[in-house]
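Single-structure report; data block below.
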Amino acid sequence: MADAAKPPKRSSPVKNGYLILYNAVSATLWLTVLGRVVGANLTAGPQLVYPAVGEFCKWTQTLAGMEVLHSLLGIVRAPLFTTFIQVFSRYAIVWGVTGLFPELARGRGAAGDNYTSLAYSSMLVAWSATEVIRYTYFALSLSSGGRPPSALHWLRYHAFFILYPVGISSEAYLIWRAVEPAKAGVSPLYSTVLFGYVALVYPPSAYILYTHMMAQRRKVMRGSKTDNKAGSKKIT
């Protein structure tokens, strides 16, 4: 006699509660970033976005390093490699580019101008909108037994078509503009590292992240269609 199908393993209440709290806090932090970016642009212009939110965003993004630990320890099922790439690429920006050369984000000095401050604003809008959607989706999915609002589900698997290219192109532009000031501000070696990163590492990394999201979307959309068909058969 064949073994009976085992029921899916239920998540620990402690782990589930922790993940709900982590995602809810992260969503709130990124919503604060988004609000400050939009507010600064509307009231004072992109040059004052960094003074309004730069440090706050740096530490909010630093908190996301927990996601690498979550994946490494098996707390979540996210692939370690793609999680690491995404977190590292943003660390490189907030610590290695705008953290070292805030004049780029401010659009002032020899390194910055209107284009770099606009790139900083567009990058933060893309980051924060993406993360508000993502973290809210996870928090509500975990707290509702895997049934988040349909509108949020749609945003989770469609908004990235616009937000990812905006964020990635803004990041690449800021790194590119940091190459020259890095020669005098840090060292010629660091300038070469930034150039190699944006020219050789960034394109394949961006491709991996984007195609990973596309693969996730196809998988989820396929599952939704299967569920819809099963539901129709039960009704008939």
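Residues are referred to by chain and number: the chain letter is A, B, ... according to the order shown in the structure tokens, the number counts from 1 in that chain, and ligands are numbered separately from 1 in the order shown.
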Residues near Ser71 in chain A, cut-off 12 Å, only C-alpha atoms, skip fewer than 4 positions along chain, as a PyMOL selection string
chain A and resi 64-67+75-84+87
Within 10 Å of Ser89 in chain A, counting only C-alpha atoms, which residues qualify if same-chain residues fewer than 2 places away don't, as a list in words?
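So the residues in contact are Phe84, Ile85, Gln86, Val87, Tyr91, Ala92, Ile93, Val94, Gly96, Ile168, Glu171, Tyr197, Val201, Tyr202, Ser205 and Ala206 of chain A.
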Can you write just those residues out, C-alpha atoms, as a tab-separated table (two decimals), in the first residue's frame?
chain	number	residue	atom	x	y	z
A	84	PHE	CA	23.32	38.35	-1.88
A	85	ILE	CA	23.68	40.07	-5.27
A	86	GLN	CA	20.77	42.38	-4.61
A	87	VAL	CA	21.84	43.30	-1.09
A	91	TYR	CA	25.42	48.24	-0.10
A	92	ALA	CA	27.89	49.29	-2.79
A	93	ILE	CA	25.72	52.34	-3.49
A	94	VAL	CA	24.83	53.53	0.02
A	96	GLY	CA	30.69	52.92	-1.41
A	168	ILE	CA	19.23	49.75	-12.03
A	171	GLU	CA	22.43	53.03	-9.74
A	197	TYR	CA	32.19	47.00	-11.28
A	201	VAL	CA	29.98	43.14	-13.03
A	202	TYR	CA	26.86	45.28	-13.01
A	205	SER	CA	24.20	41.02	-12.12
A	206	ALA	CA	21.29	43.20	-13.28
Of the residues A:Ser143, A:Ser170, A:Thr62, A:Ser26, which is the one nearest to Val125 in chain A, using only C-alpha atoms?
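Of A:Ser143, A:Ser170, A:Thr62, A:Ser26, the one nearest Val125 in chain A, counting only C-alpha atoms, is A:Ser170.
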